[in-house]
$ cat protein30.cif   # mmCIF, C-alpha atoms
data_run
#
loop_
_atom_site.label_atom_id
_atom_site.label_comp_id
_atom_site.auth_asym_id
_atom_site.auth_seq_id
_atom_site.Cartn_x
_atom_site.Cartn_y
_atom_site.Cartn_z
CA MET A 1 -33.10 74.93 1.44
CA THR A 2 -32.66 77.98 -0.66
CA PRO A 3 -34.28 77.68 -4.01
CA GLY A 4 -31.82 77.73 -6.83
CA ILE A 5 -29.59 75.61 -8.91
CA GLY A 6 -26.84 73.88 -7.02
CA ARG A 7 -24.93 70.67 -7.28
CA ALA A 8 -25.93 67.63 -5.35
CA ALA A 9 -23.20 66.05 -3.32
CA GLY A 10 -21.59 63.12 -5.03
CA ARG A 11 -23.17 63.44 -8.42
CA GLY A 12 -23.35 65.75 -11.35
CA ARG A 13 -26.97 66.69 -11.05
CA ALA A 14 -28.09 70.18 -10.24
CA LEU A 15 -30.94 70.87 -7.90
CA LEU A 16 -33.67 73.06 -9.25
CA PRO A 17 -36.07 73.55 -6.41
CA ALA A 18 -37.95 76.50 -7.74
CA LEU A 19 -38.72 76.72 -11.38
CA ALA A 20 -41.30 79.04 -10.08
CA LEU A 21 -42.96 80.90 -12.87
CA VAL A 22 -42.29 78.48 -15.63
CA LEU A 23 -45.61 79.16 -17.16
CA CYS A 24 -45.72 78.08 -20.63
CA GLY A 25 -48.41 76.41 -21.63
CA PRO A 26 -50.56 73.76 -22.15
CA ALA A 27 -50.52 70.36 -22.19
CA VAL A 28 -51.71 67.43 -23.07
CA CYS A 29 -52.59 64.28 -23.09
CA ALA A 30 -53.27 61.41 -21.25
CA ALA A 31 -50.47 59.21 -20.25
CA HIS A 32 -51.34 55.59 -20.29
CA GLY A 33 -49.73 52.91 -18.26
CA PRO A 34 -47.85 50.17 -19.99
CA GLY A 35 -49.98 47.67 -21.78
CA THR A 36 -53.01 49.92 -22.05
CA GLY A 37 -52.11 51.51 -25.35
CA VAL A 38 -50.25 54.66 -26.13
CA SER A 39 -51.77 58.09 -26.75
CA ARG A 40 -51.21 59.48 -30.21
CA LEU A 41 -50.19 63.10 -29.73
CA THR A 42 -51.00 66.03 -31.98
CA PRO A 43 -48.22 68.46 -32.97
CA VAL A 44 -49.68 71.04 -30.56
CA GLN A 45 -49.65 68.53 -27.72
CA VAL A 46 -46.06 67.58 -28.53
CA ALA A 47 -45.09 71.26 -28.47
CA TYR A 48 -46.81 71.75 -25.11
CA LEU A 49 -45.25 68.66 -23.57
CA THR A 50 -41.71 69.31 -24.69
CA SER A 51 -41.81 73.06 -23.95
CA CYS A 52 -44.08 73.29 -20.91
CA GLY A 53 -45.46 69.95 -19.73
CA GLY A 54 -42.41 68.79 -17.80
CA CYS A 55 -42.98 71.37 -15.07
CA HIS A 56 -46.69 72.07 -15.51
CA GLY A 57 -47.54 68.41 -15.77
CA VAL A 58 -48.69 66.19 -18.61
CA GLU A 59 -52.29 67.03 -17.76
CA GLY A 60 -51.66 70.57 -16.52
CA VAL A 61 -51.38 69.67 -12.85
CA SER A 62 -48.06 69.54 -11.04
CA ALA A 63 -46.94 70.76 -7.61
CA PRO A 64 -49.50 73.57 -7.28
CA GLN A 65 -47.55 75.77 -4.88
CA ALA A 66 -44.34 75.56 -6.88
CA VAL A 67 -45.74 75.49 -10.42
CA PRO A 68 -49.06 77.11 -11.39
CA THR A 69 -51.82 74.64 -12.17
CA LEU A 70 -53.13 75.03 -15.71
CA ARG A 71 -55.95 72.53 -15.78
CA HIS A 72 -59.35 74.24 -15.54
CA LEU A 73 -57.69 77.49 -14.43
CA THR A 74 -55.66 79.13 -17.18
CA GLY A 75 -58.70 80.03 -19.26
CA SER A 76 -59.77 82.39 -16.47
CA PHE A 77 -56.94 84.75 -17.38
CA LEU A 78 -58.73 85.74 -20.59
CA CYS A 79 -61.36 87.60 -18.56
CA THR A 80 -59.28 90.76 -18.39
CA ARG A 81 -56.97 92.39 -20.90
CA GLN A 82 -54.20 92.39 -18.32
CA GLY A 83 -54.64 88.67 -17.73
CA ARG A 84 -54.77 87.88 -21.42
CA GLU A 85 -51.54 89.74 -22.06
CA PHE A 86 -49.87 88.36 -18.93
CA LEU A 87 -49.96 84.76 -20.18
CA VAL A 88 -48.04 85.48 -23.39
CA ARG A 89 -45.64 87.97 -21.79
CA LEU A 90 -44.44 85.44 -19.20
CA PRO A 91 -40.74 84.96 -19.92
CA ASP A 92 -40.86 81.23 -20.54
CA VAL A 93 -43.75 81.74 -22.92
CA ALA A 94 -42.50 84.84 -24.72
CA LEU A 95 -38.92 83.59 -24.97
CA SER A 96 -39.73 80.00 -25.84
CA SER A 97 -38.22 78.44 -28.94
CA LEU A 98 -41.64 77.95 -30.54
CA SER A 99 -42.54 79.92 -33.65
CA ASN A 100 -45.23 82.59 -33.42
CA ARG A 101 -47.64 80.29 -35.25
CA MET A 102 -47.03 77.25 -33.06
CA LEU A 103 -46.96 79.30 -29.86
CA THR A 104 -50.35 80.73 -30.81
CA LYS A 105 -51.76 77.24 -31.30
CA VAL A 106 -50.28 76.06 -28.01
CA MET A 107 -51.66 79.05 -26.07
CA ASN A 108 -55.13 78.63 -27.55
CA TRP A 109 -55.03 74.93 -26.71
CA VAL A 110 -53.98 75.73 -23.15
CA VAL A 111 -56.67 78.33 -22.48
CA PHE A 112 -59.57 76.76 -24.40
CA ASP A 113 -58.93 73.04 -23.90
CA LEU A 114 -56.55 72.18 -21.09
CA GLY A 115 -57.29 75.27 -19.00
CA ALA A 116 -60.95 75.82 -19.82
CA PRO A 117 -62.79 76.70 -16.58
CA ALA A 118 -64.76 73.71 -15.31
CA ALA A 119 -67.78 75.92 -14.65
CA GLY A 120 -67.53 77.56 -18.05
CA GLY A 121 -66.28 81.04 -18.65
CA ARG A 122 -67.14 84.14 -20.58
CA ALA A 123 -66.69 83.81 -24.28
CA ALA A 124 -63.23 84.99 -25.26
CA ARG A 125 -61.66 85.30 -28.64
CA PRO A 126 -58.68 83.11 -29.47
CA TYR A 127 -55.20 84.55 -29.62
CA THR A 128 -54.13 85.52 -33.12
CA VAL A 129 -50.62 85.05 -34.48
CA ALA A 130 -50.18 88.81 -34.79
CA GLU A 131 -51.30 89.33 -31.20
CA VAL A 132 -48.92 86.68 -29.86
CA ALA A 133 -46.06 88.12 -31.92
CA ARG A 134 -46.72 91.57 -30.48
CA LEU A 135 -47.08 90.42 -26.87
CA ARG A 136 -44.06 88.16 -26.84
CA SER A 137 -41.92 91.05 -28.01
CA GLU A 138 -42.51 92.60 -24.58
CA PRO A 139 -41.60 89.82 -22.12
CA LEU A 140 -42.01 90.46 -18.39
CA THR A 141 -38.30 90.33 -17.67
CA GLN A 142 -38.05 93.52 -15.64
CA THR A 143 -40.86 92.76 -13.23
CA GLY A 144 -41.17 90.75 -10.03
CA LEU A 145 -43.34 88.03 -11.46
CA THR A 146 -44.96 86.76 -8.28
CA PRO A 147 -46.26 90.17 -7.09
CA TYR A 148 -47.28 90.99 -10.65
CA ARG A 149 -49.19 87.73 -10.92
CA ASP A 150 -50.85 88.43 -7.56
CA ARG A 151 -52.18 91.72 -8.94
CA VAL A 152 -53.40 90.09 -12.12
CA VAL A 153 -55.18 87.34 -10.20
CA ALA A 154 -56.72 89.85 -7.76
CA GLY A 155 -58.17 91.68 -10.76
CA LEU A 156 -59.57 88.47 -12.21
CA GLN A 157 -61.17 87.52 -8.91
CA ALA A 158 -62.63 90.99 -8.29
CA ARG A 159 -64.02 91.53 -11.78
CA CYS A 160 -64.84 88.02 -12.95
CA GLY A 161 -65.15 85.86 -9.84
CA ALA A 162 -62.13 83.80 -10.89
CA PRO A 163 -61.51 80.68 -8.76
CA ALA A 164 -59.68 81.00 -5.45
CA ALA A 165 -57.47 78.12 -6.62
CA LEU A 166 -55.60 80.64 -8.75
CA SER A 167 -54.07 81.98 -5.54
CA VAL A 168 -52.56 78.68 -4.44
CA TYR A 169 -49.45 79.22 -6.51
CA GLY A 170 -47.01 81.56 -4.84
CA ALA A 171 -48.89 81.58 -1.52
CA ALA A 172 -45.79 80.27 0.22
CA TYR A 173 -43.79 83.16 -1.24
CA GLY A 174 -46.24 85.88 -0.27
CA PRO A 175 -46.36 88.16 2.80
CA GLY A 176 -45.80 86.17 5.97
CA ALA A 177 -44.00 83.35 4.20
CA THR A 178 -40.56 82.42 5.41
CA PRO A 179 -38.01 83.67 2.90
CA GLY A 180 -36.09 80.95 1.18
CA VAL A 181 -38.42 78.18 2.23
CA GLN A 182 -39.38 75.89 -0.61
CA PRO A 183 -43.08 75.14 -0.63
CA THR A 184 -44.02 71.50 -0.58
CA SER A 185 -47.16 69.86 -1.68
CA MET B 1 -8.79 66.11 -103.07
CA ARG B 2 -7.12 63.41 -101.08
CA ARG B 3 -9.35 61.61 -98.59
CA SER B 4 -8.00 60.81 -95.19
CA GLU B 5 -7.91 57.26 -93.79
CA LEU B 6 -10.29 58.33 -91.09
CA ASP B 7 -12.87 59.38 -93.64
CA ASN B 8 -12.48 56.10 -95.47
CA TRP B 9 -12.86 54.12 -92.29
CA GLY B 10 -15.95 56.06 -91.26
CA GLU B 11 -17.54 55.55 -94.66
CA ARG B 12 -16.93 51.81 -94.57
CA LEU B 13 -18.39 51.50 -91.09
CA THR B 14 -21.47 53.50 -91.97
CA ARG B 15 -22.13 51.57 -95.17
CA ARG B 16 -21.68 48.27 -93.34
CA LEU B 17 -24.14 49.22 -90.62
CA ALA B 18 -26.63 50.52 -93.13
CA GLY B 19 -26.48 47.20 -94.99
CA ARG B 20 -26.99 45.06 -91.92
CA LEU B 21 -29.36 47.01 -89.70
CA SER B 22 -32.86 48.25 -90.34
CA ARG B 23 -33.99 51.54 -88.80
CA ARG B 24 -36.51 49.65 -86.72
CA SER B 25 -33.78 47.43 -85.30
CA MET B 26 -31.73 50.48 -84.36
CA LEU B 27 -34.69 52.09 -82.61
CA SER B 28 -35.48 48.95 -80.62
CA ARG B 29 -31.88 48.64 -79.38
CA LEU B 30 -31.74 52.31 -78.47
CA GLY B 31 -35.02 51.98 -76.54
CA ALA B 32 -33.79 48.96 -74.63
CA LEU B 33 -30.67 50.84 -73.68
CA LEU B 34 -32.67 53.79 -72.33
CA VAL B 35 -34.92 51.54 -70.28
CA ALA B 36 -32.10 49.49 -68.80
CA ALA B 37 -29.75 52.37 -67.98
CA PRO B 38 -31.23 53.42 -64.61
CA ALA B 39 -30.77 49.89 -63.30
CA PHE B 40 -26.99 50.28 -63.40
CA PRO B 41 -25.26 52.90 -61.26
CA LEU B 42 -22.93 54.46 -63.75
CA LEU B 43 -20.55 56.49 -61.63
CA PRO B 44 -18.55 55.17 -58.68
CA VAL B 45 -18.87 58.57 -56.97
CA GLN B 46 -22.61 58.10 -56.73
CA ARG B 47 -22.21 54.63 -55.22
CA ALA B 48 -19.72 55.92 -52.63
CA ARG B 49 -22.06 58.71 -51.58
CA ALA B 50 -24.95 56.31 -51.13
CA ALA B 51 -22.85 54.06 -48.92
CA ASP B 52 -22.02 56.99 -46.62
CA ALA B 53 -25.64 58.18 -46.17
CA PRO B 54 -26.52 58.28 -42.46
CA ALA B 55 -29.12 55.86 -41.20
CA ALA B 56 -32.27 57.23 -39.56
CA GLY B 57 -32.35 57.95 -35.82
CA THR B 58 -29.64 58.88 -33.34
CA ASP B 59 -26.45 57.15 -32.28
CA PHE B 60 -28.31 55.97 -29.21
CA SER B 61 -31.31 54.60 -31.08
CA ARG B 62 -29.15 52.61 -33.48
CA ASN B 63 -27.72 50.68 -30.51
CA ALA B 64 -30.85 50.62 -28.35
CA GLN B 65 -32.75 47.49 -27.30
CA THR B 66 -36.29 46.89 -26.05
CA HIS B 67 -36.06 43.88 -23.75
CA ASP B 68 -33.86 44.84 -20.75
CA ASP B 69 -34.94 47.93 -18.80
CA THR B 70 -32.06 47.54 -16.34
CA ALA B 71 -29.48 48.38 -19.04
CA CYS B 72 -28.47 51.89 -20.01
CA ASN B 73 -29.21 51.24 -23.69
CA TYR B 74 -32.89 50.41 -23.10
CA TRP B 75 -34.68 52.51 -25.69
CA ARG B 76 -36.59 54.77 -23.27
CA TYR B 77 -33.36 55.86 -21.56
CA CYS B 78 -32.10 57.91 -24.52
CA GLY B 79 -31.97 61.10 -22.41
CA ILE B 80 -31.68 59.77 -18.85
CA ASP B 81 -29.08 60.89 -16.31
CA GLY B 82 -29.02 59.06 -13.01
CA ASN B 83 -29.70 55.72 -11.37
CA LEU B 84 -32.25 53.48 -13.03
CA CYS B 85 -35.22 52.89 -10.73
CA SER B 86 -35.56 49.48 -12.36
CA CYS B 87 -32.29 48.52 -10.62
CA CYS B 88 -33.38 50.03 -7.28
CA GLY B 89 -36.50 48.05 -6.45
CA GLY B 90 -38.85 50.01 -8.71
CA GLY B 91 -39.49 49.94 -12.43
CA VAL B 92 -39.13 52.01 -15.56
CA HIS B 93 -42.39 53.75 -14.62
CA SER B 94 -42.69 53.11 -10.88
CA CYS B 95 -40.79 54.31 -7.82
CA PRO B 96 -39.16 51.92 -5.35
CA PRO B 97 -41.09 51.48 -2.10
CA GLY B 98 -40.49 54.36 0.30
CA SER B 99 -39.73 56.93 -2.39
CA GLN B 100 -42.05 59.50 -3.94
CA PRO B 101 -42.36 60.38 -7.64
CA SER B 102 -41.64 63.99 -8.51
CA PRO B 103 -44.63 65.82 -9.99
CA THR B 104 -42.22 67.70 -12.24
CA SER B 105 -39.92 66.29 -14.88
CA TRP B 106 -38.37 67.07 -18.20
CA ILE B 107 -39.85 65.57 -21.32
CA GLY B 108 -37.81 64.39 -24.27
CA SER B 109 -38.36 61.89 -27.05
CA CYS B 110 -36.83 58.52 -27.89
CA ILE B 111 -37.07 56.27 -30.94
CA ASN B 112 -38.32 52.74 -30.38
CA PRO B 113 -36.08 50.53 -32.54
CA ASP B 114 -38.90 48.00 -32.99
CA ASP B 115 -41.12 50.41 -34.95
CA GLN B 116 -38.73 53.33 -35.61
CA ARG B 117 -41.27 55.78 -34.18
CA ALA B 118 -40.59 58.64 -31.75
CA TYR B 119 -42.27 58.56 -28.35
CA LEU B 120 -42.34 61.29 -25.73
CA ILE B 121 -40.70 60.21 -22.47
CA ALA B 122 -41.03 61.99 -19.11
CA TYR B 123 -37.84 61.68 -17.04
CA ARG B 124 -39.24 61.73 -13.55
CA ASP B 125 -37.22 61.33 -10.37
CA CYS B 126 -38.07 59.29 -7.31
CA CYS B 127 -37.29 61.21 -4.15
CA GLY B 128 -36.92 60.60 -0.43
CA PRO B 129 -34.40 57.89 0.52
CA ASN B 130 -30.69 58.32 -0.05
CA GLU B 131 -29.35 57.96 -3.55
CA CYS B 132 -29.68 54.41 -4.86
CA ASN B 133 -26.28 54.38 -6.64
CA LYS B 134 -27.07 51.41 -8.88
CA CYS B 135 -27.12 51.33 -12.68
CA SER B 136 -25.89 54.89 -13.15
CA CYS B 137 -26.48 55.99 -16.76
CA LEU B 138 -25.84 59.15 -18.74
CA ASN B 139 -27.54 59.52 -22.12
CA THR B 140 -28.16 62.87 -23.74
CA ASP B 141 -30.62 62.63 -26.65
CA HIS B 142 -32.55 65.92 -26.81
CA ALA B 143 -31.14 67.11 -23.48
CA MET B 144 -30.30 70.82 -23.36
CA PRO B 145 -27.66 72.76 -21.40
CA ILE B 146 -28.43 73.95 -17.87
CA TYR B 147 -29.44 77.40 -19.14
CA ARG B 148 -32.41 75.61 -20.72
CA PRO B 149 -33.38 73.86 -17.48
CA GLN B 150 -36.76 72.64 -18.74
CA ALA B 151 -34.92 70.10 -20.88
CA ASN B 152 -31.78 69.54 -18.83
CA ASN B 153 -31.11 66.04 -17.58
CA HIS B 154 -28.80 67.15 -14.74
CA VAL B 155 -31.62 68.85 -12.90
CA ILE B 156 -32.96 67.02 -9.87
CA TRP B 157 -36.70 67.27 -10.30
CA CYS B 158 -37.55 66.62 -6.65
CA PHE B 159 -39.38 69.86 -6.09
CA GLY B 160 -42.99 69.60 -5.12
CA THR B 161 -42.18 66.47 -3.11
CA ASN B 162 -41.67 66.03 0.62
CA SER B 163 -37.93 65.60 0.22
CA PHE B 164 -35.35 67.00 -2.15
CA GLU B 165 -33.21 63.89 -1.74
CA TYR B 166 -32.66 62.20 -5.10
CA HIS B 167 -33.04 58.44 -5.21
CA CYS B 168 -33.40 57.27 -8.83
CA SER B 169 -34.88 58.17 -12.23
CA MET B 170 -37.79 56.76 -14.23
CA ALA B 171 -38.57 57.03 -17.95
CA VAL B 172 -42.35 57.27 -18.19
CA LEU B 173 -43.95 56.78 -21.59
CA VAL B 174 -46.19 59.78 -22.36
CA GLY B 175 -47.33 59.16 -25.91
CA LEU B 176 -46.56 58.66 -29.57
CA ALA B 177 -45.11 61.79 -31.12
CA GLN B 178 -45.57 60.97 -34.79
#
$ encode --input "protein30.cif" --output "structure tokens"
Amino acid sequence: MTPGIGRAAGRGRALLPALALVLCGPAVCAAHGPGTGVSRLTPVQVAYLTSCGGCHGVEGVSAPQAVPTLRHLTGSFLCTRQGREFLVRLPDVALSSLSNRMLTKVMNWVVFDLGAPAAGGRAARPYTVAEVARLRSEPLTQTGLTPYRDRVVAGLQARCGAPAALSVYGAAYGPGATPGVQPTS
Amino acid sequence: MRRSELDNWGERLTRRLAGRLSRRSMLSRLGALLVAAPAFPLLPVQRARAADAPAAGTDFSRNAQTHDDTACNYWRYCGIDGNLCSCCGGGVHSCPPGSQPSPTSWIGSCINPDDQRAYLIAYRDCCGPNECNKCSCLNTDHAMPIYRPQANNHVIWCFGTNSFEYHCSMAVLVGLAQ
């Protein structure tokens, strides 16, 4: 099936097979089953969940080939300047409805909490509001995001030994993949 | 100079009051009046405005209930669009046998009428078998148009699963938002 938004036969629901680079941010929180208590969410977690967590997953893990995994991985992007800027310039991050201040909090939560590398990473400085405001004013809307991300990830892996798991996303879209085929988990 | 009747009347009233009332008595009555005044709404306009003030919550939450998860007005379904999995052999947070939960969803919030608090709800689809076609509901709290697909309730979220076939929708409780 060709990725895209269509209409399902017989009902008014559209099919959205590839929300591909919906990379916003961070997420949150532990979902509890009924009867085990309910997590109390912080404003940053609420912002992540309502802006990003539907696709990226409540805990930053979703369908890894269709939506980039955030958990334990996103923090690796701060290793290079290109990677650091890439995260904020992603269209669904840069063009989100969050304010500069809240977006900054969400991004820092994603890279230092949700996406902190399991093995630990090099110390990086948090995003500042001014930095996020500057970066989001230059969204990556004129670039093929998947090839661009491949280059960013290759740089992270060559210079910082970033995890191979960063390459899982988009693998089905890369060279040798069958065009139009939706990756499945 | 000739005095008017009004002047005469005013003088008589003033002299009468001065003869009957002490200054302390006047002060005590004036004080009581000031204290009691706020207890009585003075203007009908103010009372009419208060009666029209909207109650808290949304239209959905004011009519929502918390005991029947097979009805469209169950509180967690404030933004759901589709067949209720609880009518299809599953539950409000579990897929019917033979179907697979989508790893992706859209997340909105609903008010629980029992405590008037907002909870985040993940609208997650169950995918695989043909459409269930039971208990079809359409509620739109916090849903956005299709050009904001992350929060659109028409989207079928069956990507990342083995099948794109839509079966039914769940409303998974994520957490307390406030």
$ closest_residue --input "protein30.cif" --among "A:Leu156, A:Thr128, A:Tyr169, A:Asp113" --to "chain B" --atoms "all atoms listed in the file"
A:Tyr169
$ resolve_selection --input "protein30.cif" --expression "the PyMOL selection byres ((chain B and resi 161-167) around 7)" --output "VMD selection string"
(chain A and resid 184 to 185) or (chain B and resid 102 126 to 132 156 158 to 160 168)
$ atom_distance --input "protein30.cif" --atom1 "atom CA of His56 of chain A" --atom2 "atom CA of Arg40 of chain A"
19.9 Å
$ interface_residues --input "protein30.cif" --of "chain B" --to "chain A" --cutoff "9 Å" --atoms "all atoms listed in the file" --output "PDB file with C-alpha atoms, in the frame of the given file"
ATOM      1  CA  ASP B  81     -29.080  60.890 -16.310  1.00  0.00           C
ATOM      2  CA  GLY B  82     -29.020  59.060 -13.010  1.00  0.00           C
ATOM      3  CA  HIS B  93     -42.390  53.750 -14.620  1.00  0.00           C
ATOM      4  CA  SER B 102     -41.640  63.990  -8.510  1.00  0.00           C
ATOM      5  CA  PRO B 103     -44.630  65.820  -9.990  1.00  0.00           C
ATOM      6  CA  THR B 104     -42.220  67.700 -12.240  1.00  0.00           C
ATOM      7  CA  SER B 105     -39.920  66.290 -14.880  1.00  0.00           C
ATOM      8  CA  TRP B 106     -38.370  67.070 -18.200  1.00  0.00           C
ATOM      9  CA  ILE B 107     -39.850  65.570 -21.320  1.00  0.00           C
ATOM     10  CA  GLY B 108     -37.810  64.390 -24.270  1.00  0.00           C
ATOM     11  CA  SER B 109     -38.360  61.890 -27.050  1.00  0.00           C
ATOM     12  CA  LEU B 120     -42.340  61.290 -25.730  1.00  0.00           C
ATOM     13  CA  ALA B 122     -41.030  61.990 -19.110  1.00  0.00           C
ATOM     14  CA  TYR B 123     -37.840  61.680 -17.040  1.00  0.00           C
ATOM     15  CA  ARG B 124     -39.240  61.730 -13.550  1.00  0.00           C
ATOM     16  CA  ILE B 146     -28.430  73.950 -17.870  1.00  0.00           C
ATOM     17  CA  PRO B 149     -33.380  73.860 -17.480  1.00  0.00           C
ATOM     18  CA  GLN B 150     -36.760  72.640 -18.740  1.00  0.00           C
ATOM     19  CA  ALA B 151     -34.920  70.100 -20.880  1.00  0.00           C
ATOM     20  CA  ASN B 153     -31.110  66.040 -17.580  1.00  0.00           C
ATOM     21  CA  HIS B 154     -28.800  67.150 -14.740  1.00  0.00           C
ATOM     22  CA  VAL B 155     -31.620  68.850 -12.900  1.00  0.00           C
ATOM     23  CA  ILE B 156     -32.960  67.020  -9.870  1.00  0.00           C
ATOM     24  CA  TRP B 157     -36.700  67.270 -10.300  1.00  0.00           C
ATOM     25  CA  CYS B 158     -37.550  66.620  -6.650  1.00  0.00           C
ATOM     26  CA  PHE B 159     -39.380  69.860  -6.090  1.00  0.00           C
ATOM     27  CA  GLY B 160     -42.990  69.600  -5.120  1.00  0.00           C
ATOM     28  CA  THR B 161     -42.180  66.470  -3.110  1.00  0.00           C
ATOM     29  CA  ASN B 162     -41.670  66.030   0.620  1.00  0.00           C
ATOM     30  CA  SER B 163     -37.930  65.600   0.220  1.00  0.00           C
ATOM     31  CA  PHE B 164     -35.350  67.000  -2.150  1.00  0.00           C
ATOM     32  CA  GLU B 165     -33.210  63.890  -1.740  1.00  0.00           C
ATOM     33  CA  TYR B 166     -32.660  62.200  -5.100  1.00  0.00           C
ATOM     34  CA  VAL B 172     -42.350  57.270 -18.190  1.00  0.00           C
ATOM     35  CA  LEU B 173     -43.950  56.780 -21.590  1.00  0.00           C
ATOM     36  CA  VAL B 174     -46.190  59.780 -22.360  1.00  0.00           C
ATOM     37  CA  GLY B 175     -47.330  59.160 -25.910  1.00  0.00           C
ATOM     38  CA  LEU B 176     -46.560  58.660 -29.570  1.00  0.00           C
ATOM     39  CA  ALA B 177     -45.110  61.790 -31.120  1.00  0.00           C
ATOM     40  CA  GLN B 178     -45.570  60.970 -34.790  1.00  0.00           C
TER      41      GLN B 178
END
$ residues_near_point --input "protein30.cif" --point "(-51.6, 82.9, -21.6)" --cutoff "9 Å" --atoms "only C-alpha atoms" --output "list of chain:residue names"
A:Leu23, A:Cys24, A:Gly25, A:Thr74, A:Gly75, A:Phe77, A:Leu78, A:Gly83, A:Arg84, A:Glu85, A:Phe86, A:Leu87, A:Val88, A:Arg89, A:Leu90, A:Val93, A:Met107, A:Asn108, A:Val110, A:Val111, A:Tyr127
$ atom_distance --input "protein30.cif" --atom1 "atom CA of Glu138 of chain A" --atom2 "atom CA of Ala123 of chain A"
25.7 Å
$ atom_distance --input "protein30.cif" --atom1 "atom CA of Arg159 of chain A" --atom2 "atom CA of Pro91 of chain A"
25.5 Å
$ residues_near_point --input "protein30.cif" --point "(-23.7, 55.2, -15.6)" --cutoff "8 Å" --atoms "all atoms listed in the file" --output "tab-separated table (two decimals) with C-alpha atoms, in the coordinates of the input"
chain	number	residue	atom	x	y	z
B	72	CYS	CA	-28.47	51.89	-20.01
B	81	ASP	CA	-29.08	60.89	-16.31
B	82	GLY	CA	-29.02	59.06	-13.01
B	83	ASN	CA	-29.70	55.72	-11.37
B	135	CYS	CA	-27.12	51.33	-12.68
B	136	SER	CA	-25.89	54.89	-13.15
B	137	CYS	CA	-26.48	55.99	-16.76
B	138	LEU	CA	-25.84	59.15	-18.74
$ closest_residue --input "protein30.cif" --among "A:Val153, A:Ala158, A:Ala94, A:Leu140" --to "Gly170 of chain A" --atoms "all atoms listed in the file"
A:Val153
$ residues_around --input "protein30.cif" --residues "Ile111 of chain B" --least-positions-apart "2" --cutoff "12 Å" --atoms "only C-alpha atoms" --output "ChimeraX atom specification"
/B:56-66,73-79,108-109,113-121,141-142,173,175-178
$ closest_residue --input "protein30.cif" --among "B:Arg24, B:Arg2, B:Gln100, B:Ile80" --to "Asn152 of chain B" --atoms "all atoms listed in the file"
B:Ile80
$ closest_residue --input "protein30.cif" --among "B:Ala32, B:Cys88, B:Ala71, B:Cys95" --to "Asn139 of chain B" --atoms "only C-alpha atoms"
B:Ala71
